[in-house]
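Single-structure report; data block below.
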Amino acid sequence: SFTGRTKIDNAFAARKLEPRIALEAIDSDVIKTYVRLGLGIGIAAEMAVQDVLADMEKNDAKGGLVVRPVGYLFGQNVARVAFKRSAYLRNFVYTFAELLSSRLN
């Protein structure tokens, strides 16, 4: 459920479709490698394909992948980050938090 798999399964079931899943991987680089090898299509989070999107913007097809947004089919997933209340946080933790969201400062 952490990877959004439940939402993907529910989306297929709601349309009475049964996907043929040949391989599964949690790591997005592994998923992209499977697709490059011609083993099918991959479903990955948008943040995991930013490199491919950047290549597409530059009309650089060297990666051999094309990304299509399909969030409207599967819904959105929310990632959360927790910080321990009253714990000492080092500067790099604050920097990390600021990179995650403009609302965190």
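Labels for the structure tokens follow display order: chains A, B, ..., residues from 1 in each chain, ligands from 1.
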
What's around stretch 43-47 of chain A at 12 Å? Count only C-alpha atoms, leave out sequence neighbours fewer than 5 positions away in its own chain, and write the answer as a ChimeraX atom specification.
/A:2-5,7-9,21,23-32,34-35,52-54,66-71,73-79,100

From the list A:Phe83, A:Gly63, A:Pro19, A:Ala11, the nearest residue to A:Phe96 using only C-alpha atoms is A:Phe83

If you run DSSP on this backbone, which residues of stretch 25-98 of chain A come out as helix (DSSP H, G or I), and could you give them as a PyMOL selection string?
chain A and resi 28-36+46-57+61-63+71-74+91-98

Could you check the closest approach to A:Val81 for each of A:Asp51, A:Glu98, A:Glu57, A:Glu18 and tell me which residue wins, using only C-alpha atoms?
A:Glu98

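Interatomic distance, atom CA of A:Leu37 to atom CA of A:Lys58: 22.5 Å.
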
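As for atom CA of A:Ser101 and atom CA of A:Met56, they are spaced 25.0 Å apart.
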